[in-house]
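Enquirer: First the structure, which I've put down as structure tokens, then a few questions once you've had a look.
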Amino acid sequence: MNPHTLAPQDQAHGLRRLFASSRVRFIPVVSNPHVMGAGVLLEGLCAAFAELGLHTLVVDAAESAPTPSELASVDLGACVESLSKDVSYLAARGLPMRYINAKGSAAQFLEVVTEAAPQADVVLLHASAAELARVVALREVRPVLLADTDANSVTHAYAGMKWLAGRAGLMVYSLLMACSPQLRMSERIAEQLSSCADGFLGAVLRDWACLDPRTPSSAPISTEVRHLARELLMAAPPGAALEASVDASPLRPVARSLMRPSAPQPARTVARPAVAAIY
């Protein structure tokens, strides 16, 4: 018997087999205009998914994203750009809102994106909390909050969590920070966000990781980012968001303190004092 056949396979290999035949997974990423290295954070997640043999489509509907091509209303698939063998990109600022139904849900957008990029195993939907709430309300997904060490970015991340918890019923989150993993302040920020989530919203910050924007793209992926990426995949049952979109439920009634026609703003009485205490 060949002794090499008895050698234990590494964890990554096992995860590749687990996800190899899976359907598309949707991972919402809450955009944060105060985070300068947001693009690097998205690239880090894509690289971690690529290690598992998964192709990622980044649907960029953030406030600063490019506007979609004029072809988007006719042939969305033609608007998907191939960045590498593992990553595709769709400029989609304002695009999810074109799919709102009479109930105020834009969940149909997930179906359209899936059809436009059949090669995608993972869809990273990068958008504001207000837009994400209409697309993935009451779905089995875990949103990713983005932040760095700037106080405004942390306050905005908390405001996004508050909006999604109140409007979409999403109660479990992950955090990805654009800073050095060795920075002690990053741990304090994560702990404070976790405390605010639990104490004021009843929500949970499940895990967090840091990615230094100055790290070369050729550098190995950190253990923390790998772990976060795998947890996100485990938390997003394949096809769950898509199946739920067929009979999309209306958005959950919003609390009076959150009733604003525009995107979420930092809460004055809760988020700002609690987060400011970190500094």
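Quick note on naming: the chains in the structure tokens go A, B, ... in the order shown, residues restart at 1 in each chain, and ligands are numbered from 1 in order of appearance.
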Can I get the residues of range 19-96 of chain A within 8 Å of range 128-149 of chain A, each with the closest pair of atoms and their distance in Å to one decimal, using only C-alpha atoms, sorted chain first then ascending number, as a tab-separated table?

Expert:
residue	atom	partner	partner_atom	distance
A:Phe26	CA	A:Val141	CA	7.0
A:Ile27	CA	A:Pro143	CA	6.4
A:Pro28	CA	A:Pro143	CA	4.8
A:Val29	CA	A:Val144	CA	4.6
A:Val30	CA	A:Leu145	CA	5.3
A:Ser31	CA	A:Ser128	CA	5.1
A:Asn32	CA	A:Leu146	CA	6.2
A:His34	CA	A:Ala147	CA	7.6
A:Val35	CA	A:Ala147	CA	5.8
A:Ala38	CA	A:Leu146	CA	7.2
A:Ala61	CA	A:Ser128	CA	7.7
A:Ala62	CA	A:Ser128	CA	5.9
A:Glu63	CA	A:Ser128	CA	7.1
A:Pro96	CA	A:Glu131	CA	7.2

Enquirer: DSSP on the backbone, then: every residue of range 28-95 of chain A marked alpha helix (DSSP H), written as JSON, numbers by chain.

Expert: {"A": [38, 39, 40, 41, 42, 43, 44, 45, 46, 47, 48, 49, 50, 51]}

Enquirer: Have a look at A:Ser64, A:Ser194, A:Asn152, A:Thr215 and name the one nearest to Ala178 in chain A; count only C-alpha atoms.

Expert: A:Thr215

Enquirer: Find the residue from A:Ala209, A:Leu233, A:Leu52, A:Cys179 that sits nearest to Met36 in chain A; use only C-alpha atoms when measuring.

Expert: A:Cys179

Enquirer: So, counting only C-alpha atoms, which residue among A:Tyr89, A:Phe200, A:Trp208, A:Tyr99 is closest to Leu232 in chain A?

Expert: A:Trp208

Enquirer: At what distance in Å, to one decimal, does CA of Gly37 in chain A lie from CA of Asp86 in chain A?

Expert: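 Taking CA of Asp86 in chain A as the start and CA of Gly37 in chain A as the end point, the length is 20.8 Å.
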
Enquirer: With distances taken over only C-alpha atoms, which of A:Arg25, A:Ser186, A:Gly53, A:Ala165 is nearest to Val113 in chain A?

Expert: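 The answer is A:Arg25, which sits nearest to Val113 in chain A.
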
Enquirer: Neighbours of Ala116 in chain A within 7 Å (only C-alpha atoms; same-chain residues fewer than 4 positions away dropped), as a list of chain:residue names?

Expert: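 Listed by chain and then number, they are A:Leu76, A:Gly77, A:Val112.
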
Enquirer: Please report, as JSON, numbers by chain, each residue of range 40-232 of chain A to which DSSP assigns strand (DSSP E) when run on this structure's backbone.

Expert: {"A": [56, 57, 58, 59, 60, 81, 82, 87, 88, 89, 90, 91, 122, 123, 124, 125, 126, 127, 144, 145, 146, 147, 172, 173, 174, 175, 176, 177, 204, 205, 206, 207, 208, 209, 210]}

Enquirer: Keeping only N, CA and C atoms, write the selected residues to a file as a compact mmCIF listing (two decimals), in the first residue's frame.

Expert:
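Final output, saved to part_26.txt:
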# COMPACT_ATOMS: atom_id res chain seq x y z
N THR A 56 -15.84 34.10 -7.47
CA THR A 56 -16.61 35.15 -6.81
C THR A 56 -17.03 36.24 -7.79
N LEU A 57 -18.29 36.60 -7.72
CA LEU A 57 -18.78 37.78 -8.45
C LEU A 57 -18.97 38.91 -7.45
N VAL A 58 -18.26 40.01 -7.66
CA VAL A 58 -18.41 41.19 -6.82
C VAL A 58 -19.44 42.10 -7.49
N VAL A 59 -20.59 42.24 -6.84
CA VAL A 59 -21.63 43.15 -7.33
C VAL A 59 -21.47 44.45 -6.55
N ASP A 60 -20.91 45.44 -7.19
CA ASP A 60 -20.56 46.69 -6.52
C ASP A 60 -21.67 47.71 -6.70
N GLU A 81 -17.77 41.86 -15.89
CA GLU A 81 -16.38 41.88 -16.32
C GLU A 81 -15.59 40.76 -15.64
N SER A 82 -14.72 40.12 -16.38
CA SER A 82 -13.85 39.10 -15.82
C SER A 82 -12.54 39.76 -15.39
N VAL A 87 -12.38 35.76 -10.23
CA VAL A 87 -13.17 36.92 -9.81
C VAL A 87 -13.81 37.60 -11.01
N SER A 88 -15.11 37.90 -10.88
CA SER A 88 -15.83 38.73 -11.85
C SER A 88 -16.36 39.96 -11.13
N TYR A 89 -16.69 40.99 -11.92
CA TYR A 89 -17.11 42.27 -11.33
C TYR A 89 -18.29 42.84 -12.10
N LEU A 90 -19.25 43.35 -11.36
CA LEU A 90 -20.41 44.00 -11.96
C LEU A 90 -20.61 45.37 -11.32
N ALA A 91 -20.44 46.43 -12.11
CA ALA A 91 -20.74 47.79 -11.63
C ALA A 91 -22.25 47.91 -11.52
N VAL A 122 -19.91 32.33 -5.45
CA VAL A 122 -20.15 33.28 -4.38
C VAL A 122 -20.48 34.63 -4.99
N VAL A 123 -21.51 35.29 -4.45
CA VAL A 123 -21.83 36.65 -4.87
C VAL A 123 -21.63 37.57 -3.68
N LEU A 124 -20.66 38.48 -3.78
CA LEU A 124 -20.45 39.52 -2.77
C LEU A 124 -21.26 40.73 -3.20
N LEU A 125 -22.32 41.03 -2.48
CA LEU A 125 -23.16 42.18 -2.80
C LEU A 125 -22.75 43.34 -1.91
N HIS A 126 -21.99 44.27 -2.48
CA HIS A 126 -21.44 45.42 -1.76
C HIS A 126 -22.37 46.60 -1.95
N ALA A 127 -23.10 46.98 -0.91
CA ALA A 127 -24.11 48.05 -1.03
C ALA A 127 -24.37 48.66 0.33
N VAL A 144 -21.36 41.44 6.27
CA VAL A 144 -20.00 41.80 6.66
C VAL A 144 -19.94 43.31 6.83
N LEU A 145 -19.54 43.77 7.99
CA LEU A 145 -19.33 45.19 8.23
C LEU A 145 -17.89 45.54 7.90
N LEU A 146 -17.69 46.71 7.30
CA LEU A 146 -16.34 47.20 6.99
C LEU A 146 -16.03 48.39 7.89
N ALA A 147 -14.79 48.48 8.33
CA ALA A 147 -14.37 49.61 9.17
C ALA A 147 -12.86 49.72 9.14
N VAL A 172 -26.84 38.55 13.08
CA VAL A 172 -25.48 38.04 13.24
C VAL A 172 -24.58 38.66 12.17
N TYR A 173 -23.42 39.16 12.57
CA TYR A 173 -22.55 39.93 11.67
C TYR A 173 -21.10 39.48 11.80
N SER A 174 -20.33 39.81 10.77
CA SER A 174 -18.88 39.69 10.80
C SER A 174 -18.30 41.07 10.54
N LEU A 175 -17.06 41.26 10.94
CA LEU A 175 -16.40 42.56 10.78
C LEU A 175 -15.04 42.35 10.12
N LEU A 176 -14.78 43.14 9.08
CA LEU A 176 -13.47 43.12 8.42
C LEU A 176 -12.91 44.53 8.47
N MET A 177 -11.74 44.68 9.06
CA MET A 177 -11.15 46.00 9.28
C MET A 177 -9.92 46.22 8.42
N VAL A 204 -25.37 40.01 17.29
CA VAL A 204 -24.11 39.34 17.63
C VAL A 204 -23.06 39.66 16.57
N LEU A 205 -21.88 40.09 17.02
CA LEU A 205 -20.72 40.20 16.13
C LEU A 205 -19.99 38.87 16.26
N ARG A 206 -20.19 38.00 15.29
CA ARG A 206 -19.74 36.61 15.40
C ARG A 206 -18.22 36.48 15.31
N ASP A 207 -17.61 37.21 14.40
CA ASP A 207 -16.16 37.13 14.25
C ASP A 207 -15.65 38.38 13.56
N TRP A 208 -14.33 38.54 13.58
CA TRP A 208 -13.74 39.71 12.94
C TRP A 208 -12.31 39.40 12.54
N ALA A 209 -11.81 40.20 11.59
CA ALA A 209 -10.44 40.02 11.11
C ALA A 209 -9.93 41.36 10.60
N CYS A 210 -8.62 41.47 10.51
CA CYS A 210 -7.99 42.68 9.98
C CYS A 210 -7.20 42.34 8.72
